[in-house]
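**Q** File follows, model-v1.txt with compact mmCIF, C-alpha atoms:
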# COMPACT_ATOMS: atom_id res chain seq x y z
CA MET S 1 -55.44 -71.67 -28.27
CA SER S 2 -55.29 -72.66 -31.92
CA ASP S 3 -53.79 -70.44 -34.60
CA ILE S 4 -57.20 -69.78 -36.08
CA ASP S 5 -58.55 -68.37 -32.80
CA ALA S 6 -56.37 -65.33 -32.44
CA VAL S 7 -53.93 -63.62 -34.75
CA GLU S 8 -51.02 -61.84 -33.12
CA ARG S 9 -50.57 -58.30 -34.41
CA ASP S 10 -47.84 -55.73 -33.91
CA ASP S 11 -49.14 -55.25 -30.39
CA ALA S 12 -47.46 -56.79 -27.37
CA ILE S 13 -50.65 -56.55 -25.33
CA TRP S 14 -53.51 -57.84 -27.50
CA ASN S 15 -54.27 -60.76 -29.80
CA LEU S 16 -57.05 -59.93 -32.22
CA TYR S 17 -59.56 -62.71 -32.90
CA SER S 18 -60.03 -63.37 -36.60
CA GLY S 19 -61.91 -66.67 -36.48
CA VAL S 20 -63.26 -69.40 -34.24
CA GLY S 21 -61.83 -72.90 -34.14
CA PRO S 22 -63.65 -76.14 -33.25
CA GLY S 23 -64.49 -76.36 -29.58
CA ASP S 24 -63.46 -72.76 -28.93
CA THR S 25 -64.83 -71.25 -25.72
CA LEU S 26 -64.73 -68.01 -23.79
CA GLN S 27 -61.45 -67.53 -21.91
CA GLN S 28 -59.91 -65.45 -19.16
CA GLY S 29 -58.53 -62.22 -20.63
CA ASP S 30 -61.00 -62.10 -23.52
CA LEU S 31 -62.06 -58.59 -24.52
CA ILE S 32 -65.80 -58.26 -25.12
CA LYS S 33 -67.40 -55.43 -27.07
CA PHE S 34 -70.90 -54.52 -25.94
CA SER S 35 -72.95 -52.65 -28.51
CA LYS S 36 -76.31 -51.04 -28.01
CA GLU S 37 -78.29 -49.02 -30.52
CA SER S 38 -77.77 -45.25 -30.13
CA CYS S 39 -75.17 -45.83 -27.38
CA PRO S 40 -71.36 -45.83 -27.65
CA ASP S 41 -69.69 -49.24 -27.60
CA ARG S 42 -68.26 -50.30 -24.25
CA TYR S 43 -65.61 -52.90 -23.54
CA GLY S 44 -65.08 -55.43 -20.75
CA ILE S 45 -62.30 -57.92 -20.00
CA VAL S 46 -63.21 -61.39 -18.73
CA VAL S 47 -61.57 -62.03 -15.33
CA THR S 48 -63.26 -65.36 -14.56
CA ALA S 49 -60.47 -67.92 -14.30
CA ASP S 50 -59.97 -70.44 -17.11
CA CYS S 51 -60.17 -73.32 -14.62
CA ASP S 52 -63.59 -72.13 -13.41
CA LEU S 53 -64.79 -71.77 -16.99
CA ASP S 54 -63.45 -75.22 -17.88
CA LYS S 55 -64.94 -76.97 -14.84
CA LYS S 56 -68.27 -75.12 -15.11
CA LYS S 57 -67.93 -73.42 -11.72
CA HIS S 58 -69.12 -70.08 -13.02
CA SER S 59 -72.89 -70.80 -12.92
CA ARG S 60 -73.14 -69.71 -16.57
CA LEU S 61 -71.93 -66.23 -15.60
CA VAL S 62 -68.66 -64.50 -16.49
CA THR S 63 -67.24 -61.61 -14.53
CA LEU S 64 -65.79 -58.63 -16.37
CA VAL S 65 -63.96 -55.42 -15.56
CA PRO S 66 -64.33 -52.37 -17.84
CA LEU S 67 -61.69 -51.20 -20.28
CA LEU S 68 -62.02 -47.41 -20.39
CA SER S 69 -60.45 -44.44 -22.07
CA VAL S 70 -58.27 -42.18 -19.94
CA GLU S 71 -61.01 -39.54 -20.09
CA GLU S 72 -63.58 -42.04 -18.81
CA VAL S 73 -61.26 -43.10 -15.98
CA ILE S 74 -60.88 -39.47 -14.93
CA CYS S 75 -64.62 -38.75 -15.05
CA GLN S 76 -65.93 -42.00 -13.57
CA CYS S 77 -63.19 -42.78 -11.08
CA LEU S 78 -60.66 -40.07 -10.32
CA SER S 79 -62.97 -37.04 -10.34
CA TYR S 80 -64.47 -38.02 -6.98
CA ASP S 81 -61.02 -38.35 -5.37
CA THR S 82 -60.01 -35.02 -6.87
CA PHE S 83 -63.07 -33.23 -5.52
CA GLU S 84 -62.42 -34.72 -2.08
CA ASN S 85 -58.81 -33.56 -2.22
CA TYR S 86 -59.86 -29.98 -2.97
CA GLY S 87 -62.99 -30.15 -0.82
CA SER S 88 -62.27 -27.07 1.29
CA LYS S 89 -61.89 -24.88 -1.82
CA LEU S 90 -65.10 -26.24 -3.32
CA GLN S 91 -66.95 -25.62 -0.06
CA GLU S 92 -65.79 -22.02 0.16
CA PHE S 93 -66.68 -21.38 -3.50
CA CYS S 94 -70.15 -22.78 -2.92
CA ARG S 95 -70.60 -20.91 0.38
CA GLN S 96 -69.76 -17.57 -1.19
CA SER S 97 -71.69 -18.18 -4.42
CA LEU S 98 -74.86 -19.18 -2.56
CA THR S 99 -74.30 -16.60 0.23
CA ILE S 100 -74.61 -19.27 2.89
CA ASP S 101 -74.17 -17.60 6.28
CA VAL S 102 -72.67 -20.58 8.14
CA ALA S 103 -69.16 -22.02 7.94
CA ALA S 104 -68.47 -25.16 5.93
CA ALA S 105 -67.72 -27.01 9.17
CA ASP S 106 -71.20 -26.21 10.54
CA SER S 107 -73.65 -29.10 10.60
CA GLN S 108 -76.17 -26.91 8.74
CA PHE S 109 -73.87 -26.19 5.81
CA LEU S 110 -74.77 -29.22 3.68
CA ALA S 111 -78.43 -28.90 4.69
CA ARG S 112 -78.48 -25.35 3.29
CA ILE S 113 -76.96 -26.58 0.02
CA LYS S 114 -79.50 -29.42 -0.24
CA SER S 115 -82.39 -27.01 0.32
CA ARG S 116 -81.14 -24.75 -2.49
CA LEU S 117 -80.93 -27.75 -4.80
CA LEU S 118 -84.44 -28.81 -3.84
CA ILE S 119 -85.97 -25.46 -4.75
CA ASN S 120 -83.91 -25.48 -7.96
CA ASP S 121 -82.94 -21.81 -7.86
CA ILE S 122 -79.21 -22.08 -8.59
CA VAL S 123 -78.70 -20.31 -11.92
CA ASP S 124 -74.95 -20.79 -12.41
CA ARG S 125 -74.28 -24.31 -13.71
CA ASN S 126 -70.80 -24.46 -12.19
CA VAL S 127 -72.21 -23.62 -8.79
CA GLU S 128 -75.00 -26.16 -9.20
CA LEU S 129 -72.55 -28.92 -10.18
CA THR S 130 -70.28 -28.03 -7.27
CA ALA S 131 -73.25 -28.13 -4.90
CA ARG S 132 -74.28 -31.57 -6.16
CA VAL S 133 -70.71 -32.85 -5.79
CA LEU S 134 -70.53 -31.57 -2.20
CA VAL S 135 -73.75 -33.35 -1.15
CA HIS S 136 -72.53 -36.54 -2.86
CA GLU S 137 -75.16 -36.66 -5.57
CA HIS S 138 -74.30 -38.76 -8.61
CA VAL S 139 -73.62 -36.43 -11.51
CA ASP S 140 -72.29 -37.15 -14.99
CA ILE S 141 -69.11 -35.08 -15.07
CA THR S 142 -67.17 -34.24 -18.21
CA ILE S 143 -63.55 -33.13 -18.27
CA SER S 144 -64.73 -29.62 -19.14
CA ASP S 145 -67.15 -29.63 -16.18
CA MET S 146 -64.42 -30.81 -13.86
CA ARG S 147 -62.02 -28.12 -15.01
CA LEU S 148 -64.61 -25.34 -14.68
CA ILE S 149 -65.63 -26.47 -11.18
CA LEU S 150 -62.05 -26.62 -9.94
CA GLU S 151 -60.84 -23.43 -11.61
CA SER S 152 -63.91 -21.57 -10.32
CA SER S 153 -62.90 -22.74 -6.84
CA GLY S 154 -59.38 -21.37 -7.27
CA VAL S 155 -57.60 -24.64 -8.07
CA LEU S 156 -54.80 -24.61 -10.65
CA TRP S 157 -55.73 -27.00 -13.47
CA ALA S 158 -52.08 -27.75 -14.26
CA LYS S 159 -51.63 -29.17 -10.74
CA VAL S 160 -54.77 -31.25 -11.16
CA ILE S 161 -53.45 -32.71 -14.42
CA ASP S 162 -50.17 -33.71 -12.75
CA ARG S 163 -52.08 -35.37 -9.93
CA LEU S 164 -54.38 -37.24 -12.31
CA ARG S 165 -51.46 -38.43 -14.44
CA ASN S 166 -49.70 -39.85 -11.38
CA GLN S 167 -52.87 -41.56 -10.19
CA VAL S 168 -53.48 -43.29 -13.52
CA LYS S 169 -49.93 -44.63 -13.47
CA ALA S 170 -49.68 -45.55 -9.80
CA ARG S 171 -53.11 -46.52 -8.45
CA GLY S 172 -53.40 -50.20 -7.59
CA ASP S 173 -56.83 -50.59 -9.17
CA LEU S 174 -55.90 -49.27 -12.63
CA LEU S 175 -53.87 -51.19 -15.22
CA VAL S 176 -52.66 -49.17 -18.21
CA LEU S 177 -52.76 -51.29 -21.37
CA SER S 178 -53.31 -50.07 -24.94
CA SER S 179 -56.27 -49.59 -27.22
CA PRO S 180 -57.23 -52.88 -28.92
CA PRO S 181 -55.88 -53.07 -32.50
CA LEU S 182 -58.24 -52.69 -35.45
CA THR S 183 -61.05 -51.36 -33.28
CA ALA S 184 -62.38 -47.83 -33.04
CA ALA S 185 -61.99 -47.88 -29.27
CA SER S 186 -59.79 -45.41 -27.42
CA ALA S 187 -60.18 -47.57 -24.31
CA SER S 188 -56.81 -48.44 -22.83
CA VAL S 189 -57.11 -48.61 -19.02
CA ALA S 190 -58.65 -51.50 -17.07
CA TRP S 191 -60.45 -50.35 -13.91
CA LEU S 192 -60.73 -53.25 -11.48
CA ARG S 193 -63.40 -52.05 -9.04
CA PRO S 194 -66.67 -51.76 -11.03
CA MET S 195 -66.98 -55.45 -11.96
CA TRP S 196 -70.17 -56.82 -13.48
CA GLN S 197 -71.45 -60.16 -14.76
CA GLU S 198 -72.99 -61.37 -17.98
CA GLN S 199 -74.50 -64.69 -19.03
CA VAL S 200 -72.06 -66.73 -21.11
CA SER S 201 -74.86 -67.30 -23.60
CA SER S 202 -75.18 -63.53 -24.14
CA ILE S 203 -71.63 -63.25 -25.56
CA ALA S 204 -71.02 -64.15 -29.20
CA LEU S 205 -67.77 -65.75 -30.34
CA ARG S 206 -68.61 -65.23 -34.01
CA THR S 207 -69.64 -62.01 -35.71
CA SER S 208 -72.51 -63.92 -37.34
CA GLU S 209 -73.98 -64.53 -33.88
CA SER S 210 -73.63 -60.96 -32.64
CA ALA S 211 -77.05 -59.73 -33.80
CA SER S 212 -78.77 -61.86 -31.17
CA ARG S 213 -76.22 -61.33 -28.36
CA VAL S 214 -75.33 -58.31 -26.22
CA GLY S 215 -71.56 -58.83 -26.49
CA LEU S 216 -68.99 -59.94 -29.07
CA ARG S 217 -65.51 -61.32 -28.33
CA VAL S 218 -62.98 -59.30 -30.32
CA ALA S 219 -59.54 -59.80 -28.75
CA GLN S 220 -57.61 -61.34 -25.90
CA LEU S 221 -54.96 -60.02 -23.55
CA ASN S 222 -51.58 -61.60 -24.12
CA SER S 223 -49.61 -63.20 -21.32
CA PRO S 224 -48.42 -61.83 -18.92
CA PHE S 225 -50.97 -58.99 -19.03
CA ARG S 226 -54.04 -61.16 -18.43
CA TYR S 227 -52.36 -62.79 -15.43
CA ARG S 228 -51.17 -59.45 -14.09
CA LEU S 229 -54.75 -58.19 -14.32
CA THR S 230 -56.13 -61.01 -12.18
CA GLN S 231 -53.19 -60.71 -9.77
CA MET S 232 -53.99 -57.02 -9.28
CA LEU S 233 -57.66 -57.89 -8.85
CA GLY S 234 -56.75 -60.20 -5.97
CA GLN S 235 -54.54 -57.54 -4.40
CA VAL S 236 -57.27 -54.89 -4.57
CA PHE S 237 -59.89 -56.99 -2.82
CA ALA S 238 -57.56 -58.83 -0.41
CA ASP S 239 -55.76 -55.72 0.81
CA ILE S 240 -56.20 -55.14 4.55
CA GLY S 241 -56.02 -51.55 5.68
CA LEU S 242 -54.55 -50.67 9.06
CA PRO S 243 -55.10 -47.64 11.30
CA ASP S 244 -52.27 -45.13 11.57
CA ILE S 245 -49.69 -46.48 13.97
CA PRO S 246 -47.41 -44.08 15.91
CA THR S 247 -43.84 -44.31 14.65
CA ALA S 248 -42.20 -42.05 17.23
CA SER S 249 -40.00 -44.82 18.63
CA VAL S 250 -38.76 -45.78 15.15
CA ASP S 251 -38.21 -42.13 14.22
CA ALA S 252 -36.19 -41.63 17.40
CA VAL S 253 -33.82 -44.45 16.46
CA PHE S 254 -33.19 -42.99 13.00
CA THR S 255 -32.71 -39.54 14.52
CA GLY S 256 -30.07 -41.04 16.79
CA LEU S 257 -28.37 -42.77 13.88
CA ASN S 258 -28.14 -39.44 12.09
CA THR S 259 -26.23 -37.71 14.91
With the file now loaded, output its structure as structure tokens.
**A**
Amino acid sequence: MSDIDAVERDDAIWNLYSGVGPGDTLQQGDLIKFSKESCPDRYGIVVTADCDLDKKKHSRLVTLVPLLSVEEVICQCLSYDTFENYGSKLQEFCRQSLTIDVAAADSQFLARIKSRLLINDIVDRNVELTARVLVHEHVDITISDMRLILESSGVLWAKVIDRLRNQVKARGDLLVLSSPPLTAASASVAWLRPMWQEQVSSIALRTSESASRVGLRVAQLNSPFRYRLTQMLGQVFADIGLPDIPTASVDAVFTGLNT
């Protein structure tokens, strides 16, 4: 990369592009800003390997993962896990609020909830949102919605916050970075699962080209962050889960060693 391509700022994570040199091309780790009229900007990081881009193995497509704000990560990713974790409390809240006369474990429980949603007679918004979550409908959840649903179900919000904080730091499909310098974005967390593709020709390298393209390259991840991102991507999709294996024999040995 030539000096004109990216200017290193007081940021260990990002290089901010300030110009385009001769022969410059899209690269692994490039941050792309996607702008659409009347919609908030969104950001994606190129994870297509440089060697594939160089040898034209990408079929004119680049693969990206989203760079999101912490709030977006919570709403789009972690909220579903959280609702599953507190599922029994949400079920009981919904059962009592809708006066459903069968237990949550009954096969008719979800059917009763779906029928109430179909006739659209649930007045309380918190109850309606909880009902939609329980039947696995896609709903656009805000942090405020999430808090109201959980607190209405008897869940302590402080415990939820601790759980969410630990997940953001420890989950294998989230990489905490920083917000790109000199941009208005609060996006700082790469989420590896919801990948998508764009045509290379739809991404502008120069601001002067951006009016006719859907995306504009604005920065690049520094090493080693861009390589760590692709390493994590491989780990997420190559991980092989195993069933629970009894450990009684191992536990017995350690019990013996402790006596």
**Q** Give me the residues near S:Asp239 as a PyMOL selection string, where near means some atom within 12 Å (using all atoms listed in the file) and where sequence neighbours in that chain fewer than 5 positions away do not count.
**A** chain S and resi 172-173+231-234
**Q** Ranking S:Val46, S:Ile240, S:Asp145, S:Leu205 by minimum distance to S:Asp24 and counting all atoms listed in the file, which one comes first?
**A** S:Leu205
**Q** What's the separation between atom CA of S:Phe225 and atom CA of S:Leu177, in Å to one decimal place?
**A**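 Distance between the two atoms: 8.2 Å.
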**Q** Excluding S:Leu164 and residues on its chain fewer than 5 positions from it, collect all residues at most 12 Å away from it, counting only C-alpha atoms, and give them as a list in words.
**A**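 Those residues are Val70, Glu71, Val73, Ile74, Cys75, Cys77, Leu78, Ser79, Tyr80, Asp81, Thr82, Phe83, Asn85, Ile143, Trp157, Ala158, Lys159, Lys169, Ala170 and Arg171 of chain S.
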**Q** Let me make sure I understand: among S:Leu68, S:Ala252, S:Pro246, S:Ser208, which one has the smallest atom-to-atom distance to S:Leu192 if we use all atoms listed in the file?
**A**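 Answer, going by the shortest atom-to-atom distance: S:Leu68.
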**Q** Using all atoms of stretch 133-145 of chain S listed in the file and a margin of 8 Å per side, can you give the axis-aligned box centre and edge lengths in Å to one decimal, as AutoDock Vina command-line options?
**A**
--center_x -69.4 --center_y -34.2 --center_z -10.1 --size_x 27.6 --size_y 25.1 --size_z 34.0
**Q** Please, what distance in Å, to one decimal, runs between atom CA of S:Ile141 and atom CA of S:Ser97?
**A**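 These atoms are spaced 20.1 Å apart.
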**Q** Just the number, please: distance in Å from atom CA of S:Gly21 to atom CA of S:Pro181, one decimal.
**A**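 Interatomic distance, atom CA of S:Gly21 to atom CA of S:Pro181: 20.8 Å.
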**Q** From the set S:Leu182, S:Val102, S:Val135, S:Leu229, which residue has the shortest atom-to-atom contact distance to S:Leu16, counting only C-alpha atoms?
**A**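 Counting only C-alpha atoms, the residue closest to S:Leu16 is S:Leu182.
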**Q** Between S:Val65, S:Val139, S:Ala204, S:Ala185, single out the one closest to S:Leu216, counting all atoms listed in the file.
**A**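 Closest to S:Leu216, using all atoms listed in the file: S:Ala204.
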**Q** When distances are computed from only C-alpha atoms, which of S:Leu64, S:Pro22, S:Ser107, S:Leu98 shows the smallest separation from S:Val123?
**A**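 When distances to S:Val123 are compared using only C-alpha atoms, the smallest one comes from S:Leu98.
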**Q** Pick from S:Ala12, S:Phe34, S:Leu174, S:Asp121: nearest to S:Ser212, with all atoms listed in the file counted?
**A**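 Smallest distance to S:Ser212 is found for S:Phe34.
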**Q** Neighbouring residues of S:Ser223 were defined as those with any atom within 12 Å, considering only C-alpha atoms; residues of the same chain fewer than 6 positions away were excluded. Please report them as a ChimeraX atom specification.
**A** /S:8,12-15,28-30,229-230
**Q** Given the point (-65.4, -71.5, -23.9) in the file's coordinates, find the residues that have an atom at most 9 Å from it, counting all atoms listed in the file, and give them as a PyMOL selection string.
**A** chain S and resi 23-27+50+53-54+200+205
**Q** For the point (-68.1, -22.8, -0.9) in the file's frame, write as a ChimeraX atom specification all residues with an atom no more than 9 Å away, counting all atoms listed in the file.
**A** /S:87-100,103-104,127,130-131,153
**Q** Could I see stretch 91-127 of chain S restored to N, CA and C atoms, set down as a CSV table (one decimal), in the frame of the given file?
**A**
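The result, stored in result-v2.csv:
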chain,number,residue,atom,x,y,z
S,91,GLN,N,-66.0,-26.1,-1.1
S,91,GLN,CA,-67.0,-25.6,-0.1
S,91,GLN,C,-67.0,-24.1,0.0
S,92,GLU,N,-65.8,-23.5,0.0
S,92,GLU,CA,-65.8,-22.0,0.2
S,92,GLU,C,-66.4,-21.4,-1.1
S,93,PHE,N,-66.1,-21.9,-2.3
S,93,PHE,CA,-66.7,-21.4,-3.5
S,93,PHE,C,-68.2,-21.5,-3.4
S,94,CYS,N,-68.7,-22.6,-3.0
S,94,CYS,CA,-70.2,-22.8,-2.9
S,94,CYS,C,-70.8,-21.9,-1.8
S,95,ARG,N,-70.1,-21.7,-0.7
S,95,ARG,CA,-70.6,-20.9,0.4
S,95,ARG,C,-70.7,-19.5,-0.1
S,96,GLN,N,-69.7,-19.0,-0.7
S,96,GLN,CA,-69.8,-17.6,-1.2
S,96,GLN,C,-70.8,-17.4,-2.3
S,97,SER,N,-70.8,-18.3,-3.3
S,97,SER,CA,-71.7,-18.2,-4.4
S,97,SER,C,-73.2,-18.2,-4.0
S,98,LEU,N,-73.5,-19.0,-3.0
S,98,LEU,CA,-74.9,-19.2,-2.6
S,98,LEU,C,-75.2,-18.3,-1.3
S,99,THR,N,-74.2,-17.5,-1.0
S,99,THR,CA,-74.3,-16.6,0.2
S,99,THR,C,-74.9,-17.3,1.4
S,100,ILE,N,-74.2,-18.5,1.7
S,100,ILE,CA,-74.6,-19.3,2.9
S,100,ILE,C,-73.9,-18.6,4.1
S,101,ASP,N,-74.7,-18.4,5.2
S,101,ASP,CA,-74.2,-17.6,6.3
S,101,ASP,C,-73.6,-18.5,7.4
S,102,VAL,N,-73.3,-19.7,7.1
S,102,VAL,CA,-72.7,-20.6,8.1
S,102,VAL,C,-71.4,-21.1,7.5
S,103,ALA,N,-70.4,-21.5,8.4
S,103,ALA,CA,-69.2,-22.0,7.9
S,103,ALA,C,-69.3,-23.4,7.4
S,104,ALA,N,-68.4,-23.8,6.5
S,104,ALA,CA,-68.5,-25.2,5.9
S,104,ALA,C,-68.4,-26.3,7.0
S,105,ALA,N,-67.8,-26.0,8.1
S,105,ALA,CA,-67.7,-27.0,9.2
S,105,ALA,C,-69.0,-27.1,10.0
S,106,ASP,N,-69.9,-26.2,9.8
S,106,ASP,CA,-71.2,-26.2,10.5
S,106,ASP,C,-72.1,-27.3,10.0
S,107,SER,N,-72.8,-28.0,11.0
S,107,SER,CA,-73.6,-29.1,10.6
S,107,SER,C,-74.8,-28.7,9.7
S,108,GLN,N,-75.1,-27.4,9.6
S,108,GLN,CA,-76.2,-26.9,8.7
S,108,GLN,C,-75.7,-26.6,7.3
S,109,PHE,N,-74.4,-26.6,7.1
S,109,PHE,CA,-73.9,-26.2,5.8
S,109,PHE,C,-74.4,-27.0,4.7
S,110,LEU,N,-74.3,-28.3,4.8
S,110,LEU,CA,-74.8,-29.2,3.7
S,110,LEU,C,-76.3,-29.2,3.6
S,111,ALA,N,-77.0,-29.0,4.7
S,111,ALA,CA,-78.4,-28.9,4.7
S,111,ALA,C,-78.9,-27.7,3.9
S,112,ARG,N,-78.1,-26.6,4.1
S,112,ARG,CA,-78.5,-25.4,3.3
S,112,ARG,C,-78.3,-25.6,1.8
S,113,ILE,N,-77.2,-26.3,1.4
S,113,ILE,CA,-77.0,-26.6,0.0
S,113,ILE,C,-78.1,-27.5,-0.5
S,114,LYS,N,-78.4,-28.5,0.2
S,114,LYS,CA,-79.5,-29.4,-0.2
S,114,LYS,C,-80.8,-28.7,-0.4
S,115,SER,N,-81.1,-27.8,0.4
S,115,SER,CA,-82.4,-27.0,0.3
S,115,SER,C,-82.4,-26.1,-0.9
S,116,ARG,N,-81.2,-25.6,-1.3
S,116,ARG,CA,-81.1,-24.8,-2.5
S,116,ARG,C,-81.3,-25.6,-3.7
S,117,LEU,N,-80.8,-26.8,-3.7
S,117,LEU,CA,-80.9,-27.8,-4.8
S,117,LEU,C,-82.4,-28.2,-4.9
S,118,LEU,N,-83.0,-28.4,-3.8
S,118,LEU,CA,-84.4,-28.8,-3.8
S,118,LEU,C,-85.4,-27.8,-4.5
S,119,ILE,N,-85.1,-26.5,-4.2
S,119,ILE,CA,-86.0,-25.5,-4.8
S,119,ILE,C,-85.5,-25.1,-6.2
S,120,ASN,N,-84.4,-25.6,-6.6
S,120,ASN,CA,-83.9,-25.5,-8.0
S,120,ASN,C,-83.8,-24.0,-8.4
S,121,ASP,N,-83.1,-23.2,-7.5
S,121,ASP,CA,-82.9,-21.8,-7.9
S,121,ASP,C,-81.5,-21.4,-8.1
S,122,ILE,N,-80.6,-22.4,-8.3
S,122,ILE,CA,-79.2,-22.1,-8.6
S,122,ILE,C,-79.1,-21.9,-10.1
S,123,VAL,N,-78.8,-20.7,-10.5
S,123,VAL,CA,-78.7,-20.3,-11.9
S,123,VAL,C,-77.4,-20.7,-12.6
S,124,ASP,N,-76.3,-20.5,-11.9
S,124,ASP,CA,-75.0,-20.8,-12.4
S,124,ASP,C,-74.7,-22.3,-12.4
S,125,ARG,N,-74.4,-22.9,-13.6
S,125,ARG,CA,-74.3,-24.3,-13.7
S,125,ARG,C,-73.1,-24.8,-12.9
S,126,ASN,N,-72.0,-24.0,-12.9
S,126,ASN,CA,-70.8,-24.5,-12.2
S,126,ASN,C,-71.1,-24.6,-10.7
S,127,VAL,N,-71.8,-23.6,-10.2
S,127,VAL,CA,-72.2,-23.6,-8.8
S,127,VAL,C,-73.1,-24.8,-8.5
